[in-house]
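Down below is the structure, laid out as C-alpha cells.
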Amino acid sequence: MRDEEGGVMRVFVAGGTGVMGRRLVPLLVARGHQVTATTTTAAKIGLLEGLGAKGVVMDGLDAAAVGEAVAAAAPDAIVHQMTALSPGHSGKPNPRRPDRFFALTNRLRSEGIDHLLAAAEAVGGAHIVAQGHASMNGGRDGGWVKTEDDPLVVVEGTKAINHLESAVVAAGGAILRYGGFYGAGSHDDQVNLVRKRLVPIVGRGTGHFSWVHVDDAAAATVLAVERRAHGIFNIVDDEPAPVAVWLPYLAECVGAKPPRRVPVWLAKLVAGDMAVGALVEGRGFSNAKAKRELGWKLRYPSWRQGFKEAVA
C-alpha cells in the first residue's frame, strides 16, 4: 500500500488472526504494504507469515509488550482489530450473562486501545484505525436507521465503544463501525443456530440489523488506512432490515425451516434483556458517509445477495 507520496507504508495490525485480520492482512500486503501483525499465541505465527505479514506474539493488555512491539515495527499506521469474540476466547455465549462473554473484549476496547494510542505517540504519531460496531446498537429513539451523528445504545457487549471512539477520534484516527459480519467463515455459529431453529422471531421481529460481508469490511479498512481517515464511519451494507425480513431469508438460504415465533416475555426469560432488546428494538445504520468520504464500493450491497453466496 502507498501513502500520499506514493511510497510503501508500514502497517501494524493488532489482532491479525481474527475474522477481520485474516481478510485484512492479505489485502494490505497485496497493495504493497509492509505488514506486522499480532497474535496472542506463538502457534499462529505461521498463519500470519502465510498471509504475508511479519508475525509477533503480543498481549494487547500488557502496556510494555504493546509498546515494544509497536516500537520494533515503527509503523506509519496502526489498526486495532483486537477482540475476544472468536470461539475459544470467551467461552460459549450465554445470552443471560453477556458480562462474562464480553468482559475481555471490553478490556481490549478500553485498555487495549489506550496502550496502542500511547505506543503510537511514542513512535511519532502513527495513524490509528480501530474496529467499532454498528449492527443493531443504534440509539433506540426515533427512526430505525442511524447515522454517525446519532448516539449508540450502551449494552454490555458495547459498553467500551464510547471510550474507544472518543479516544481514537481525539487522536486524529478513524473508527470503523462494522455491521454484523458474514462470509468467509465469520458467521458459522449463527448459521448453525439458524439451522437448529434456535434464533426466533421475537414479538413482531421489528428490531433492525445492519450486515456487512467481511471482505467488504476489509476493503473499507484498507481505504481508511490509505487515506488516513479521521472520524467515525458506519461500515455496513445498503439495506438495514428488520429481523422479521432477514431471518426467514437466511433460514431459507441455509435450507432450514422457517424460524419460530416467540413472545417477548418468554424470550426475556430464556435469553435476557440484551438479546431480546436487539431483536425487538435494535436500530440499523446508514453507510452514506463511508461511501462518500472513503470512496467505498461494496461487492455485496445487500445481505440478500451476500447470504445466498456465503452459504452456497
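Within each chain, counting starts at residue 1; across the C-alpha cells, chains are named A, B, ... in the order shown, with ligands numbered 1 upward in that order.
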
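For region 42-44 of chain A, the non-local neighbours within 10 Å, defined as residues at least 5 positions apart in the same chain or in other chains and counting only C-alpha atoms, are A:Gly16, A:Thr17, A:Glu49, A:Gly50, A:Gly55, A:Val56, A:Val57, A:Met58.
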
Please produce an output containing N, CA and C atoms for each residue in the selection, written as a compact mmCIF listing (two decimals), in the first residue's frame.
```
# COMPACT_ATOMS: atom_id res chain seq x y z
N GLY A 16 -4.20 -9.86 14.25
CA GLY A 16 -4.12 -10.27 12.84
C GLY A 16 -4.72 -11.61 12.53
N THR A 17 -5.06 -12.42 13.54
CA THR A 17 -5.57 -13.77 13.26
C THR A 17 -7.05 -13.90 13.51
N GLU A 49 2.52 -15.40 8.81
CA GLU A 49 3.56 -15.41 7.78
C GLU A 49 3.01 -15.90 6.45
N GLY A 50 2.09 -16.86 6.52
CA GLY A 50 1.45 -17.34 5.29
C GLY A 50 0.60 -16.29 4.61
N GLY A 55 4.89 -11.88 11.76
CA GLY A 55 4.07 -12.20 12.92
C GLY A 55 4.78 -11.90 14.22
N VAL A 56 4.01 -11.38 15.19
CA VAL A 56 4.53 -11.04 16.51
C VAL A 56 3.53 -11.51 17.56
N VAL A 57 4.03 -12.14 18.61
CA VAL A 57 3.18 -12.52 19.74
C VAL A 57 3.06 -11.31 20.67
N MET A 58 1.81 -10.92 20.98
CA MET A 58 1.60 -9.74 21.80
C MET A 58 0.31 -9.86 22.60
```

Separation of CA of Leu108 (chain A) and CA of Gly173 (chain A), in Å?
17.1 Å

Kindly indicate which residue among A:Arg10, A:Lys297, A:Arg304, A:Arg228 lies nearest to Gly32 (chain A), using only C-alpha atoms for the distances.
A:Arg10

Please report, as CSV, each residue of region 190-251 of chain A lying at most 12 Å from region 20-26 of chain A, together with the nearest pair of atoms and the separation in Å rounded to one decimal; use only C-alpha atoms, and order rows by chain and ascending residue number.
```
residue,atom,partner,partner_atom,distance
A:Val212,CA,A:Met20,CA,11.6
A:His213,CA,A:Met20,CA,10.4
A:Val214,CA,A:Met20,CA,6.7
A:Asp215,CA,A:Arg23,CA,6.5
A:Asp216,CA,A:Arg23,CA,9.6
A:Ala217,CA,A:Met20,CA,7.9
A:Ala218,CA,A:Leu24,CA,5.0
A:Ala219,CA,A:Leu24,CA,7.4
A:Ala220,CA,A:Leu24,CA,9.6
A:Thr221,CA,A:Leu24,CA,7.5
A:Val222,CA,A:Leu24,CA,7.4
A:Leu223,CA,A:Leu24,CA,11.0
A:Ala224,CA,A:Leu24,CA,11.9
A:Val225,CA,A:Leu24,CA,11.0
```

Dump C-alpha atoms for the selected residues as a PDB file, in the first residue's frame?
```
ATOM      1  CA  VAL A 212     -21.601  -6.370   6.071  1.00  0.00           C
ATOM      2  CA  HIS A 213     -19.665  -9.039   4.228  1.00  0.00           C
ATOM      3  CA  VAL A 214     -16.291  -9.417   5.902  1.00  0.00           C
ATOM      4  CA  ASP A 215     -14.476  -8.826   2.598  1.00  0.00           C
ATOM      5  CA  ASP A 216     -16.300  -5.534   2.074  1.00  0.00           C
ATOM      6  CA  ALA A 217     -15.373  -4.529   5.621  1.00  0.00           C
ATOM      7  CA  ALA A 218     -11.721  -5.371   4.979  1.00  0.00           C
ATOM      8  CA  ALA A 219     -11.747  -3.293   1.792  1.00  0.00           C
ATOM      9  CA  ALA A 220     -13.146  -0.313   3.707  1.00  0.00           C
ATOM     10  CA  THR A 221     -10.400  -0.719   6.294  1.00  0.00           C
ATOM     11  CA  VAL A 222      -7.698  -0.557   3.621  1.00  0.00           C
ATOM     12  CA  LEU A 223      -9.233   2.679   2.348  1.00  0.00           C
ATOM     13  CA  ALA A 224      -9.288   4.171   5.844  1.00  0.00           C
ATOM     14  CA  VAL A 225      -5.598   3.314   6.301  1.00  0.00           C
TER      15      VAL A 225
END
```

Who sits within 12 Å of Glu68 (chain A), only C-alpha atoms, same chain under 4 positions skipped, as a PyMOL selection string:
chain A and resi 56-60+62-64+72-74+115-116+118-120+122-123

Tell me, which residues of region 154-291 of chain A carry DSSP strand (DSSP E), written as a list in words?
Ala174, Ile175, Leu176, Arg177, Tyr178, Gly180, Phe181, Tyr182, Ile201, Val202, His208, Phe209, Trp211, Val212, His213, Gly231, Ile232, Phe233, Asn234, Ile235, Ala241, Pro242, Arg261, Val262, Gly284 and Phe285 of chain A

Write the residues you've just listed into a file as a tab-separated table (two decimals), in the first residue's frame, and include C-alpha atoms for each of them.
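Output file part_6.tsv follows:
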```tsv
chain	number	residue	atom	x	y	z
A	174	ALA	CA	-10.73	6.65	12.44
A	175	ILE	CA	-13.36	4.37	13.94
A	176	LEU	CA	-14.90	1.85	11.58
A	177	ARG	CA	-18.24	0.74	12.96
A	178	TYR	CA	-18.59	-2.66	11.33
A	180	GLY	CA	-22.71	-7.81	11.67
A	181	PHE	CA	-20.11	-9.90	9.85
A	182	TYR	CA	-20.94	-12.72	7.48
A	201	ILE	CA	-38.54	-14.00	15.63
A	202	VAL	CA	-39.33	-12.30	18.92
A	208	HIS	CA	-33.34	-3.69	12.67
A	209	PHE	CA	-29.88	-5.08	11.90
A	211	TRP	CA	-24.87	-6.50	7.99
A	212	VAL	CA	-21.60	-6.37	6.07
A	213	HIS	CA	-19.67	-9.04	4.23
A	231	GLY	CA	-13.72	10.38	12.35
A	232	ILE	CA	-16.42	7.72	12.61
A	233	PHE	CA	-17.70	5.64	9.69
A	234	ASN	CA	-20.52	3.11	9.56
A	235	ILE	CA	-19.21	0.13	7.58
A	241	ALA	CA	-33.61	-4.62	7.73
A	242	PRO	CA	-35.87	-5.95	10.49
A	261	ARG	CA	-42.04	-17.09	16.74
A	262	VAL	CA	-41.76	-16.34	20.45
A	284	GLY	CA	-29.58	-0.26	11.93
A	285	PHE	CA	-27.22	2.17	10.24
```

Between A:Lys146, A:Ser135, A:Pro258, A:Val169, which has the minimum distance to Ser210 (chain A) (counting only C-alpha atoms)?
A:Ser135

Nearest to Thr39 (chain A) among A:Met136, A:Trp144, A:Met82, A:Lys308, with distances taken over only C-alpha atoms: which residue is it?
A:Met82

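Distances to Ala30 (chain A) were evaluated for A:Gly18, A:Gly306, A:Gly52, A:Gly46 using only C-alpha atoms, and the minimum falls at A:Gly52.
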
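Distances from A:Ala14, A:Val19, A:Val35, A:Val245 to Leu61 (chain A) were compared using only C-alpha atoms, and the smallest one belongs to A:Ala14.
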
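CA of Ala184 (chain A) is positioned 9.4 Å from CA of Val311 (chain A).
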
Got a sec: who's within 10 Å of region 249-253 of chain A, counting only C-alpha atoms, leaving out chain neighbours fewer than 3 positions off, as an MDAnalysis selection string?
chainID A and resid 191 193:197 199 243:246 256:259 303:304 307:312

As a short mmCIF file (atom, residue, chain, number, x, y, z; two decimals) with N, CA, C and O atoms, in the first residue's frame, please: the residues near Val79 (chain A) (cut-off 8 Å, only C-alpha atoms, same-chain neighbours under 6 positions excluded).
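Result saved to selection-v3.cif:
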```
data_model
loop_
_atom_site.label_atom_id
_atom_site.label_comp_id
_atom_site.auth_asym_id
_atom_site.auth_seq_id
_atom_site.Cartn_x
_atom_site.Cartn_y
_atom_site.Cartn_z
N VAL A 11 2.46 -0.98 8.21
CA VAL A 11 1.17 -1.08 8.89
C VAL A 11 1.25 -2.15 9.98
O VAL A 11 1.68 -3.27 9.72
N PHE A 12 0.82 -1.78 11.16
CA PHE A 12 0.82 -2.68 12.31
C PHE A 12 -0.63 -3.08 12.59
O PHE A 12 -1.46 -2.23 12.90
N VAL A 13 -0.94 -4.36 12.43
CA VAL A 13 -2.30 -4.86 12.66
C VAL A 13 -2.33 -5.60 13.99
O VAL A 13 -1.78 -6.69 14.12
N ALA A 14 -2.97 -5.00 14.98
CA ALA A 14 -3.12 -5.64 16.29
C ALA A 14 -4.36 -6.52 16.24
O ALA A 14 -5.48 -6.04 16.13
N ILE A 128 -4.12 5.91 13.59
CA ILE A 128 -4.87 4.81 14.20
C ILE A 128 -6.19 4.59 13.45
O ILE A 128 -6.94 5.54 13.19
N VAL A 129 -6.47 3.32 13.13
CA VAL A 129 -7.78 2.90 12.64
C VAL A 129 -8.25 1.79 13.56
O VAL A 129 -7.51 0.83 13.80
N ALA A 130 -9.46 1.91 14.11
CA ALA A 130 -9.91 0.95 15.11
C ALA A 130 -11.29 0.38 14.78
O ALA A 130 -12.14 1.07 14.21
N GLN A 131 -11.47 -0.87 15.18
CA GLN A 131 -12.73 -1.57 14.96
C GLN A 131 -13.79 -1.11 15.96
O GLN A 131 -13.63 -1.21 17.17
N VAL A 225 -7.04 3.25 6.05
CA VAL A 225 -5.60 3.31 6.30
C VAL A 225 -4.93 4.18 5.24
O VAL A 225 -4.15 5.09 5.55
#
```
